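S.K.: To be precise about what I am sending: the file is called target-v2.txt and holds compact mmCIF, C-alpha atoms and all ligand atoms.
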# COMPACT_ATOMS: atom_id res chain seq x y z
CA MET I 23 -16.02 -3.71 -17.57
CA ILE I 24 -16.65 -7.24 -16.37
CA CYS I 25 -14.12 -9.81 -15.22
CA ARG I 26 -15.61 -13.06 -16.56
CA LYS I 27 -13.17 -15.83 -15.77
CA VAL I 28 -9.81 -16.19 -14.09
CA THR I 29 -7.69 -19.28 -14.75
CA LEU I 30 -4.64 -19.86 -12.59
CA GLU I 31 -1.78 -22.31 -12.64
CA ASN I 32 0.78 -22.45 -9.83
CA PHE I 33 0.01 -18.93 -8.70
CA ARG I 34 0.95 -18.48 -5.01
CA ASN I 35 -0.92 -21.22 -3.06
CA ILE I 36 -3.23 -22.00 -5.99
CA SER I 37 -2.08 -25.04 -7.98
CA ALA I 38 -4.87 -24.93 -10.52
CA ALA I 39 -8.16 -23.05 -10.47
CA GLU I 40 -10.80 -21.68 -12.76
CA VAL I 41 -13.08 -19.08 -11.19
CA CYS I 42 -16.08 -17.54 -12.98
CA PHE I 43 -17.59 -14.30 -11.72
CA CYS I 44 -21.09 -12.87 -12.00
CA GLU I 45 -21.76 -9.30 -13.16
CA GLY I 46 -22.82 -8.02 -9.74
CA VAL I 47 -21.39 -8.74 -6.31
CA ASN I 48 -18.99 -11.68 -5.88
CA ILE I 49 -17.97 -12.57 -2.34
CA LEU I 50 -14.85 -14.62 -1.63
CA VAL I 51 -15.21 -16.17 1.82
CA GLY I 52 -12.49 -18.08 3.61
CA GLU I 53 -10.17 -18.34 6.57
CA ASN I 54 -6.96 -16.37 6.96
CA GLY I 55 -4.37 -17.61 4.51
CA ALA I 56 -6.92 -19.41 2.31
CA GLY I 57 -6.05 -17.58 -0.92
CA LYS I 58 -8.56 -14.71 -1.15
CA THR I 59 -6.06 -11.90 -1.59
CA ASN I 60 -4.04 -14.12 -3.90
CA LEU I 61 -6.95 -14.24 -6.34
CA ILE I 62 -7.37 -10.45 -6.11
CA GLU I 63 -3.64 -10.10 -6.71
CA ALA I 64 -3.88 -12.27 -9.83
CA ILE I 65 -6.65 -10.04 -11.24
CA CYS I 66 -4.55 -6.95 -10.45
CA LEU I 67 -1.61 -8.48 -12.23
CA ALA I 68 -3.71 -8.85 -15.38
CA SER I 69 -4.92 -5.27 -15.01
CA ILE I 70 -1.80 -3.26 -14.16
CA GLY I 71 0.94 -5.76 -14.97
CA LYS I 72 2.29 -5.98 -11.45
CA SER I 73 1.36 -7.13 -7.97
CA HIS I 74 -0.53 -4.58 -5.90
CA ARG I 75 1.43 -5.88 -2.90
CA GLY I 76 4.67 -4.93 -4.59
CA ALA I 77 5.69 -8.59 -4.72
CA GLY I 78 8.53 -9.65 -6.97
CA GLU I 79 7.61 -12.00 -9.80
CA ASP I 80 9.39 -14.99 -8.23
CA GLU I 81 7.28 -14.63 -5.09
CA LEU I 82 4.13 -15.09 -7.14
CA ILE I 83 5.09 -18.52 -8.46
CA ASN I 84 4.02 -21.46 -6.28
CA PHE I 85 6.84 -22.58 -3.96
CA SER I 86 7.10 -25.99 -5.63
CA ALA I 87 6.81 -24.86 -9.25
CA SER I 88 9.10 -23.09 -11.70
CA ARG I 89 6.46 -21.27 -13.70
CA SER I 90 3.01 -19.84 -13.33
CA ARG I 91 0.23 -18.61 -15.61
CA ILE I 92 -2.66 -16.23 -15.03
CA SER I 93 -5.34 -15.85 -17.66
CA VAL I 94 -8.29 -13.47 -17.39
CA ASP I 95 -11.29 -13.23 -19.71
CA PHE I 96 -12.91 -9.81 -19.42
CA SER I 97 -15.42 -7.86 -21.42
CA ASP I 98 -16.53 -4.33 -22.08
CA SER I 99 -19.71 -3.32 -23.90
CA VAL I 100 -18.12 -4.27 -27.21
CA ARG I 101 -16.27 -7.57 -26.89
CA ILE I 102 -14.70 -10.26 -24.76
CA GLN I 103 -10.93 -10.14 -24.50
CA ASN I 104 -8.19 -12.10 -22.78
CA ILE I 105 -5.08 -11.06 -20.93
CA SER I 106 -2.59 -13.68 -19.90
CA VAL I 107 0.55 -13.31 -17.82
CA SER I 108 3.23 -16.03 -17.79
CA LEU I 109 5.84 -16.06 -15.07
CA GLU I 110 8.99 -18.14 -14.98
CA ARG I 111 11.76 -18.09 -12.40
CA GLY I 112 14.75 -16.08 -13.57
CA ARG I 113 12.95 -14.73 -16.65
CA ARG I 114 10.95 -11.60 -17.48
CA ARG I 115 7.22 -12.07 -17.37
CA GLN I 116 5.35 -12.34 -20.65
CA VAL I 117 2.04 -10.54 -21.11
CA GLU I 118 -0.34 -11.24 -23.98
CA LEU I 119 -3.49 -9.39 -24.92
CA ASN I 120 -5.66 -11.59 -27.13
CA LYS I 121 -2.59 -13.77 -27.77
CA VAL I 122 -0.48 -10.81 -28.95
CA SER I 123 2.59 -9.92 -26.86
CA ILE I 124 2.65 -6.65 -24.94
CA ASN I 125 6.11 -5.37 -24.10
CA ARG I 126 5.55 -2.19 -22.14
CA LEU I 127 3.45 -1.85 -19.00
CA SER I 128 2.11 1.45 -20.31
CA ASP I 129 0.41 -0.47 -23.13
CA MET I 130 -1.76 -2.16 -20.51
CA VAL I 131 -3.12 1.11 -19.12
CA GLY I 132 -6.82 1.38 -19.87
CA VAL I 133 -7.22 -2.11 -21.36
CA PHE I 134 -8.65 -4.02 -18.38
CA ASN I 135 -9.67 -1.42 -15.80
CA THR I 136 -9.88 -2.29 -12.13
CA VAL I 137 -10.01 -0.26 -8.95
CA LEU I 138 -8.55 -1.95 -5.91
CA PHE I 139 -9.24 -1.23 -2.28
CA CYS I 140 -7.09 -3.02 0.30
CA PRO I 141 -6.44 -2.43 4.01
CA GLU I 142 -3.21 -0.56 3.22
CA HIS I 143 -5.29 2.16 1.56
CA LEU I 144 -6.22 3.40 5.01
CA SER I 145 -2.91 5.23 4.66
CA ILE I 146 -4.58 7.66 2.23
CA ILE I 147 -6.34 9.18 5.24
CA LYS I 148 -4.01 8.24 8.09
CA ASP I 149 -0.54 8.87 6.76
CA GLY I 150 1.33 11.95 5.64
CA PRO I 151 0.80 13.92 2.39
CA SER I 152 2.84 11.56 0.20
CA ALA I 153 0.20 8.80 0.58
CA ARG I 154 -2.45 11.21 -0.71
CA ARG I 155 -0.25 12.41 -3.56
CA ASN I 156 0.31 8.80 -4.49
CA TYR I 157 -3.46 8.15 -4.50
CA LEU I 158 -3.91 11.13 -6.84
CA ASP I 159 -1.10 10.10 -9.14
CA VAL I 160 -2.37 6.54 -9.51
CA ALA I 161 -5.95 7.70 -10.08
CA ILE I 162 -5.12 10.41 -12.60
CA SER I 163 -2.49 8.40 -14.47
CA GLN I 164 -5.08 5.79 -15.43
CA LEU I 165 -7.13 8.49 -17.12
CA ARG I 166 -4.47 10.73 -18.60
CA PRO I 167 -1.26 9.20 -19.92
CA LEU I 168 0.02 12.78 -20.49
CA TYR I 169 -0.12 13.33 -16.76
CA ILE I 170 2.39 10.51 -16.25
CA ALA I 171 4.72 12.16 -18.76
CA SER I 172 4.37 15.53 -17.04
CA LEU I 173 5.03 13.98 -13.64
CA GLN I 174 8.12 12.21 -14.94
CA ARG I 175 9.44 15.47 -16.40
CA TYR I 176 8.73 17.25 -13.12
CA ASN I 177 10.60 14.64 -11.10
CA HIS I 178 13.55 14.80 -13.46
CA ILE I 179 13.72 18.62 -13.25
CA LEU I 180 13.34 18.46 -9.46
CA LYS I 181 16.24 16.04 -9.21
CA GLN I 182 18.47 18.26 -11.35
CA ARG I 183 17.47 21.36 -9.44
CA ASN I 184 18.12 19.67 -6.07
CA MET I 185 21.56 18.57 -7.27
CA LEU I 186 22.33 22.14 -8.26
CA ILE I 187 21.17 23.40 -4.85
CA ARG I 188 23.40 20.88 -3.08
CA SER I 189 26.41 21.91 -5.16
CA ALA I 190 25.87 25.64 -4.44
CA LYS I 191 28.16 25.60 -1.41
CA ASP I 192 31.10 24.52 -3.59
CA ASP I 193 30.21 26.30 -6.80
CA ARG I 194 28.02 29.31 -6.18
CA ARG I 195 28.68 30.75 -9.62
CA THR I 196 27.18 27.85 -11.58
CA PHE I 197 24.23 27.91 -9.19
CA ASP I 198 23.57 31.62 -9.80
CA GLU I 199 23.91 31.23 -13.54
CA THR I 200 21.63 28.23 -14.04
CA ILE I 201 19.11 28.11 -11.21
CA ASP I 202 16.56 30.32 -12.99
CA PHE I 203 16.53 27.96 -15.96
CA TRP I 204 15.57 25.02 -13.75
CA SER I 205 13.13 27.09 -11.67
CA GLU I 206 11.26 28.18 -14.76
CA GLN I 207 10.90 24.64 -16.07
CA LEU I 208 9.87 23.39 -12.65
CA ALA I 209 7.27 26.15 -12.26
CA ALA I 210 5.79 25.44 -15.70
CA GLU I 211 5.43 21.71 -15.05
CA ALA I 212 4.16 22.34 -11.51
CA ALA I 213 1.42 24.61 -12.85
CA THR I 214 0.21 21.91 -15.26
CA ILE I 215 0.17 19.19 -12.61
CA ALA I 216 -1.39 21.41 -9.93
CA SER I 217 -4.29 22.37 -12.19
CA ILE I 218 -4.99 18.73 -13.10
CA ARG I 219 -4.82 17.65 -9.44
CA ALA I 220 -7.04 20.52 -8.28
CA GLU I 221 -9.62 19.67 -10.93
CA TYR I 222 -9.57 15.98 -10.00
CA ILE I 223 -10.08 16.77 -6.32
CA ARG I 224 -12.94 19.12 -7.11
CA ARG I 225 -14.70 16.34 -9.04
CA ALA I 226 -13.81 13.68 -6.48
CA GLY I 227 -15.21 15.82 -3.64
CA GLY I 228 -18.69 15.68 -5.17
CA TYR I 229 -18.63 11.89 -5.42
CA VAL I 230 -17.20 11.31 -1.95
CA ALA I 231 -19.93 13.54 -0.49
CA ALA I 232 -22.65 11.66 -2.40
CA ILE I 233 -21.31 8.25 -1.30
CA PHE I 234 -21.21 9.37 2.34
CA SER I 235 -24.66 10.88 2.16
CA GLU I 236 -26.06 7.48 1.12
CA MET I 237 -23.83 5.46 3.39
CA THR I 238 -24.50 7.42 6.58
CA GLY I 239 -27.88 8.99 5.83
CA ASP I 240 -26.36 12.50 5.77
CA ARG I 241 -24.94 12.17 9.30
CA GLU I 242 -21.36 12.53 8.14
CA VAL I 243 -20.31 15.16 5.64
CA PRO I 244 -16.84 14.83 4.12
CA LYS I 245 -15.02 17.58 2.23
CA LEU I 246 -11.90 17.44 0.09
CA ARG I 247 -9.67 20.40 -0.70
CA TYR I 248 -6.53 20.68 -2.76
CA ILE I 249 -3.64 22.18 -0.81
CA GLY I 250 -0.88 23.41 -3.11
CA SER I 251 2.52 24.16 -1.64
CA SER I 252 2.01 27.91 -2.16
CA LYS I 253 -1.07 27.60 0.10
CA ASP I 254 -3.31 29.69 -2.13
CA GLU I 255 -7.07 29.22 -2.40
CA GLU I 256 -8.07 26.09 -4.32
CA ASP I 257 -9.54 28.10 -7.25
CA PHE I 258 -6.22 29.81 -7.82
CA TYR I 259 -4.66 26.55 -9.04
CA PHE I 260 -6.98 26.36 -12.04
CA ASP I 261 -5.15 29.33 -13.61
CA ARG I 262 -1.95 27.77 -14.95
CA GLU I 263 -0.25 31.03 -15.93
CA ALA I 264 -0.87 32.57 -12.52
CA VAL I 265 0.39 29.42 -10.76
CA LYS I 266 3.52 29.32 -12.89
CA LYS I 267 4.23 32.98 -12.06
CA ARG I 268 3.61 32.41 -8.37
CA TYR I 269 5.92 29.40 -8.15
CA MET I 270 8.59 31.25 -10.09
CA GLU I 271 8.41 34.12 -7.58
CA LEU I 272 8.57 31.74 -4.62
CA LEU I 273 11.47 29.77 -6.08
CA SER I 274 13.52 32.83 -6.96
CA SER I 275 13.04 34.44 -3.57
CA SER I 276 14.08 31.31 -1.63
CA HIS I 277 17.61 30.62 -2.82
CA GLU I 278 19.33 31.05 0.53
CA ARG I 279 16.74 28.99 2.37
CA GLU I 280 16.91 26.28 -0.26
CA ILE I 281 20.70 26.11 -0.06
CA ALA I 282 20.43 25.79 3.73
CA ALA I 283 17.74 23.08 3.42
CA GLU I 284 19.59 21.42 0.49
CA CYS I 285 16.37 20.91 -1.44
CA THR I 286 13.59 22.59 -3.41
CA LEU I 287 11.04 24.08 -1.03
CA TRP I 288 8.16 24.84 -3.40
CA GLY I 289 6.29 22.70 -5.88
CA ILE I 290 3.83 19.89 -6.38
CA HIS I 291 6.06 17.44 -4.48
CA LYS I 292 4.73 19.23 -1.37
CA ASP I 293 1.00 19.02 -2.29
CA ASP I 294 -1.65 17.58 -0.04
CA ILE I 295 -5.39 16.91 0.02
CA GLU I 296 -7.22 18.21 3.04
CA VAL I 297 -9.87 15.67 4.04
CA THR I 298 -12.38 16.73 6.66
CA LEU I 299 -15.36 14.98 8.17
CA ASN I 300 -18.04 17.25 9.57
CA GLY I 301 -15.55 20.11 9.36
CA ARG I 302 -12.70 18.46 11.29
CA PRO I 303 -9.48 16.94 9.88
CA ALA I 304 -10.20 13.25 9.30
CA ARG I 305 -6.59 12.26 9.90
CA ILE I 306 -6.79 13.43 13.50
CA TYR I 307 -10.42 13.12 14.53
CA ALA I 308 -12.11 10.44 12.41
CA SER I 309 -12.53 6.97 13.95
CA GLN I 310 -10.90 3.90 12.42
CA GLY I 311 -14.16 2.88 10.70
CA GLN I 312 -14.76 6.43 9.46
CA GLN I 313 -11.23 6.59 8.09
CA ARG I 314 -11.78 3.28 6.36
CA SER I 315 -15.06 4.58 4.91
CA LEU I 316 -13.30 7.69 3.64
CA SER I 317 -10.50 5.80 1.95
CA LEU I 318 -13.07 3.42 0.48
CA ALA I 319 -15.17 6.36 -0.78
CA LEU I 320 -12.05 7.78 -2.44
CA LYS I 321 -11.49 4.47 -4.18
CA LEU I 322 -15.13 4.14 -5.27
CA THR I 323 -14.78 7.69 -6.58
CA GLU I 324 -11.80 6.63 -8.64
CA GLY I 325 -14.19 4.21 -10.34
CA GLU I 326 -16.86 6.89 -10.85
CA ILE I 327 -14.41 9.25 -12.51
CA CYS I 328 -13.09 6.39 -14.64
CA ARG I 329 -16.68 5.72 -15.78
CA GLU I 330 -17.13 9.44 -16.63
CA ALA I 331 -14.06 9.26 -18.84
CA ARG I 332 -14.51 5.81 -20.37
CA GLY I 333 -18.27 5.31 -20.28
CA GLU I 334 -17.93 2.12 -18.24
CA TYR I 335 -17.25 1.18 -14.66
CA PRO I 336 -14.00 -0.60 -13.89
CA VAL I 337 -14.10 -3.85 -11.90
CA PHE I 338 -14.01 -3.06 -8.17
CA LEU I 339 -11.73 -5.31 -6.12
CA LEU I 340 -12.41 -4.80 -2.43
CA ASP I 341 -10.03 -6.78 -0.26
CA ASP I 342 -10.99 -7.11 3.37
CA VAL I 343 -13.16 -4.04 3.35
CA LEU I 344 -16.05 -5.22 5.52
CA SER I 345 -14.32 -5.49 8.88
CA GLU I 346 -14.69 -2.32 10.95
CA LEU I 347 -17.68 -1.13 8.93
CA ASP I 348 -21.01 -0.93 10.75
CA GLU I 349 -24.19 -2.56 9.49
CA GLY I 350 -25.39 0.49 7.52
CA ARG I 351 -22.10 0.89 5.70
CA ARG I 352 -21.84 -2.81 4.87
CA LYS I 353 -25.35 -2.75 3.53
CA TYR I 354 -24.57 0.25 1.37
CA LEU I 355 -21.55 -1.50 -0.04
CA LEU I 356 -23.23 -4.80 -0.73
CA SER I 357 -26.50 -3.51 -2.10
CA ASN I 358 -25.94 -0.08 -3.65
CA ILE I 359 -23.49 -1.35 -6.14
CA GLY I 360 -25.87 -0.95 -9.06
CA SER I 361 -24.31 -1.74 -12.39
CA ARG I 362 -20.83 -2.20 -10.94
CA GLN I 363 -19.06 -5.53 -10.74
CA VAL I 364 -17.47 -6.11 -7.36
CA VAL I 365 -15.19 -8.83 -6.04
CA ILE I 366 -15.07 -8.59 -2.28
CA THR I 367 -13.17 -10.74 0.22
CA THR I 368 -14.14 -11.54 3.78
CA CYS I 369 -13.36 -14.01 6.55
CA GLU I 370 -16.93 -13.99 7.84
CA PRO I 371 -19.55 -16.12 6.13
CA ALA I 372 -21.79 -13.68 4.31
CA ALA I 373 -25.14 -14.56 2.84
CA LEU I 374 -26.51 -12.15 0.34
CA GLN I 375 -29.27 -13.06 -2.03
CA SER I 376 -28.03 -10.99 -4.92
CA ALA I 377 -24.43 -12.11 -4.59
CA LYS I 378 -22.36 -14.99 -5.82
CA VAL I 379 -20.58 -16.55 -2.86
CA ILE I 380 -17.33 -18.39 -3.49
CA HIS I 381 -15.75 -20.40 -0.67
CA VAL I 382 -11.98 -20.27 -0.59
CA LYS I 383 -9.96 -23.04 1.07
CA ASN I 384 -6.28 -23.86 0.60
CA GLY I 385 -6.13 -22.21 -2.78
CA THR I 386 -9.32 -23.80 -4.10
CA TYR I 387 -12.54 -21.99 -5.02
CA GLU I 388 -16.01 -23.45 -4.73
CA VAL I 389 -19.21 -21.64 -5.65
CA VAL I 390 -21.78 -22.22 -2.97
CA LEU I 391 -24.49 -19.83 -4.05
CA SER I 392 -25.17 -17.86 -7.16
N1 LIG P 401 4.62 -18.41 -3.74
C1 LIG P 401 3.78 -19.05 -2.93
N2 LIG P 401 3.59 -20.39 -3.04
C2 LIG P 401 2.74 -21.05 -2.24
N3 LIG P 401 2.00 -20.46 -1.28
C3 LIG P 401 2.14 -19.13 -1.14
C4 LIG P 401 3.02 -18.35 -1.94
N4 LIG P 401 2.93 -17.05 -1.56
C5 LIG P 401 2.06 -17.02 -0.57
N5 LIG P 401 1.55 -18.25 -0.30
C6 LIG P 401 0.55 -18.64 0.70
O1 LIG P 401 -0.69 -18.06 0.35
C7 LIG P 401 -1.42 -17.85 1.56
C8 LIG P 401 -1.91 -16.43 1.65
O2 LIG P 401 -2.98 -16.31 0.88
P1 LIG P 401 -3.80 -14.96 0.88
O3 LIG P 401 -2.95 -13.77 1.16
O4 LIG P 401 -4.57 -14.97 -0.37
O5 LIG P 401 -4.72 -15.20 2.16
P2 LIG P 401 -6.12 -14.60 2.47
O6 LIG P 401 -7.15 -15.61 2.18
O7 LIG P 401 -6.25 -13.29 1.81
O8 LIG P 401 -6.00 -14.42 4.05
P3 LIG P 401 -6.41 -13.21 5.02
O9 LIG P 401 -7.83 -13.43 5.37
O10 LIG P 401 -5.52 -13.42 6.19
O11 LIG P 401 -6.15 -11.94 4.31
C9 LIG P 401 -0.48 -18.04 2.73
O12 LIG P 401 -0.82 -19.20 3.40
C10 LIG P 401 0.87 -18.08 2.07
O13 LIG P 401 1.75 -18.90 2.77
MG MG P 402 -6.15 -11.35 2.49
Would you mind writing the file out in structure tokens?
M.R.:
Amino acid sequence: MICRKVTLENFRNISAAEVCFCEGVNILVGENGAGKTNLIEAICLASIGKSHRGAGEDELINFSASRSRISVDFSDSVRIQNISVSLERGRRRQVELNKVSINRLSDMVGVFNTVLFCPEHLSIIKDGPSARRNYLDVAISQLRPLYIASLQRYNHILKQRNMLIRSAKDDRRTFDETIDFWSEQLAAEAATIASIRAEYIRRAGGYVAAIFSEMTGDREVPKLRYIGSSKDEEDFYFDREAVKKRYMELLSSSHEREIAAECTLWGIHKDDIEVTLNGRPARIYASQGQQRSLSLALKLTEGEICREARGEYPVFLLDDVLSELDEGRRKYLLSNIGSRQVVITTCEPAALQSAKVIHVKNGTYEVVLS
């Protein structure tokens, strides 16, 4: 997938701009506050229908304007298409694909594929398990819409089951009569999600290892492992029936503990990914640059798995990825990109023969080399 042209009107600090991208590496260079991330954000908006920074729609419109428009021409191996997003203060945003209105965000999934890496993604390695579960959910949802449905069902069942647990102190009888019903549904949905997550991590592990091998010349060896809340061996989670049975056993033997804790103690809401570098937990022992490399490798992997499924790479948007990476890692990123299109932002002037360099200043974009 290639992002060809982005046209912006009154988007953040950009009054009007038209930016064309090449098929390989595109570098956006500019000072802090120039408008680099804003352009990345606009591309994200056309891809997933919302800001990757979680910004409200009003925030995206230029301070002195009442409406804004983002239009992106992109192509896959078959055709060129256009997505446009119109924002207006106090109104719902309008999205059009090839001039036809799209009403639901889910209709945008898989149309214009991008993978974003931004500094906040360091949390995938650094933070607690929920950051890693979130990484998995975002990555898998783009490939399997049924996964989203399963996850939504799971969360609904979990909520109901937790409510029942909390009401047990006042109404033990209803709890005893209905808890098995909710446990069974939860265990069934957990087994489906656990097997999909375990499979994804198995595949991702191979890619992350290959990326590191090239990036560090085999000096650093990362490993990923799925950690289910029942703490069984990773292979166990591929057997859905066995997982369902196991979770059912755990849930039914934990009633008193769950009532004391006022929540469900077993299930995929407790999952984690163990990430190690040369055999040691990366969260604790890896350096800042190594952690950044790991989270980046996980994001590049998201793109590899997307290509496996769709036959084409997504567009890689790498915001502020170069700082903290040593020379070897930067080189890997900027030259081993192959047939991928990359838009990368940096504050430091970068000269790269095979790249298109775009200077960013006060919301304007000027190609200086291509
Ligand atoms: N709605 C808006 N209207 C006008 N300007 C805005 C709006 N929202 C944000 N800005 C401005 O956009 C600029 C931020 O741009 P951006 O985040 O793209 O910077 P950047 O080039 O990525 O900088 P850095 O290198 O620090 O990451 C800020 O100066 C901010 O004040
Ligand atoms: Mg920025």
S.K.: Taking only C-alpha atoms and all ligand atoms into account, report as a PyMOL selection string which residues have an atom no farther than 9 Å from an atom of ligand MG 402 (chain P).
M.R.: chain I and resi 54-60+62+140+341-342+367-369
S.K.: Mind listing as a JSON list (two decimals) with C-alpha atoms, keeping the file's coordinate frame all residues within 9 Å of (-14.0, -14.0, -12.7), counting all atoms listed in the file?
M.R.:
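Listing of selection_34.json after writing:
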[["chain", "number", "residue", "atom", "x", "y", "z"],
["I", 24, "ILE", "CA", -16.65, -7.24, -16.37],
["I", 25, "CYS", "CA", -14.12, -9.81, -15.22],
["I", 26, "ARG", "CA", -15.61, -13.06, -16.56],
["I", 27, "LYS", "CA", -13.17, -15.83, -15.77],
["I", 28, "VAL", "CA", -9.81, -16.19, -14.09],
["I", 29, "THR", "CA", -7.69, -19.28, -14.75],
["I", 40, "GLU", "CA", -10.80, -21.68, -12.76],
["I", 41, "VAL", "CA", -13.08, -19.08, -11.19],
["I", 42, "CYS", "CA", -16.08, -17.54, -12.98],
["I", 43, "PHE", "CA", -17.59, -14.30, -11.72],
["I", 44, "CYS", "CA", -21.09, -12.87, -12.00],
["I", 48, "ASN", "CA", -18.99, -11.68, -5.88],
["I", 65, "ILE", "CA", -6.65, -10.04, -11.24],
["I", 94, "VAL", "CA", -8.29, -13.47, -17.39],
["I", 95, "ASP", "CA", -11.29, -13.23, -19.71],
["I", 96, "PHE", "CA", -12.91, -9.81, -19.42],
["I", 365, "VAL", "CA", -15.19, -8.83, -6.04]]
S.K.: Could you list, as a list in words, every residue within 12 Å of Leu272 (chain I), counting all atoms listed in the file and ignoring same-chain residues fewer than 3 positions away?
M.R.: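 The neighbour list is Asp202, Ser205, Glu206, Leu208, Ala209, Ser251, Ser252, Lys253, Val265, Lys266, Lys267, Arg268, Tyr269, Ser275, Ser276, His277, Glu278, Arg279, Glu280, Thr286, Leu287, Trp288 and Gly289 of chain I.
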S.K.: Near region 306-308 of chain I, within 12 Å and counting all atoms listed in the file, which residues show up once chain neighbours fewer than 6 positions away are dropped, as JSON, numbers by chain?
M.R.: {"I": [144, 147, 148, 149, 150, 242, 243, 244, 296, 297, 298, 299, 300, 314, 315, 316, 317]}
S.K.: Which residue gives the smallest distance to ligand LIG 401 (chain P) among I:Ser69, I:Ser189, I:Ser123, I:Ser88, with all atoms listed in the file counted?
M.R.: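 Checking each of I:Ser69, I:Ser189, I:Ser123, I:Ser88 against ligand LIG 401 (chain P), counting all atoms listed in the file, the winner is I:Ser88.
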S.K.: Would you mind telling me which residue in I:Leu340, I:Ser357, I:Phe203, I:Ile170 lies nearest to ligand LIG 401 (chain P) when using only C-alpha atoms and all ligand atoms?
M.R.: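 The shortest atom-to-atom distance to ligand LIG 401 (chain P) comes from I:Leu340.
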S.K.: Nearest to Leu246 (chain I) among I:Gly76, I:Gly52, I:Gly301, I:Gly227, with distances taken over only C-alpha atoms: which residue is it?
M.R.: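 For Leu246 (chain I), the nearest of the candidates is I:Gly227.
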S.K.: Point out the residue among I:Glu53, I:Asp294, I:Asp98, I:Glu45 with the least atom-to-atom distance to ligand LIG 401 (chain P), counting only C-alpha atoms and all ligand atoms.
M.R.: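 Closest candidate: I:Glu53.
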S.K.: Which residue is closest to Ala226 (chain I)? Choose from I:Ala319, I:Ile249, I:Leu273, I:Ile201 and count only C-alpha atoms.
M.R.: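 Counting only C-alpha atoms, the residue closest to Ala226 (chain I) is I:Ala319.
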S.K.: Just the residues within 8 Å of Cys285 (chain I), please, counting all atoms listed in the file, with nothing from its chain fewer than 2 positions along; format it as number ranges by chain.
M.R.: I: 184, 187-188, 280-281, 283, 287
S.K.: Please produce an output containing C-alpha atoms for each residue in the selection, written as a short mmCIF file (atom, residue, chain, number, x, y, z; two decimals), in the coordinates of the input.
M.R.:
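Result file again.cif:
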data_model
loop_
_atom_site.label_atom_id
_atom_site.label_comp_id
_atom_site.auth_asym_id
_atom_site.auth_seq_id
_atom_site.Cartn_x
_atom_site.Cartn_y
_atom_site.Cartn_z
CA ASN I 184 18.12 19.67 -6.07
CA ILE I 187 21.17 23.40 -4.85
CA ARG I 188 23.40 20.88 -3.08
CA GLU I 280 16.91 26.28 -0.26
CA ILE I 281 20.70 26.11 -0.06
CA ALA I 283 17.74 23.08 3.42
CA LEU I 287 11.04 24.08 -1.03
#
S.K.: Which one of I:Glu118, I:Glu370, I:Glu346, I:Glu388 sits closest to ligand LIG 401 (chain P) if you count only C-alpha atoms and all ligand atoms?
M.R.: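 Of the candidates, the smallest distance to ligand LIG 401 (chain P) is held by I:Glu370.
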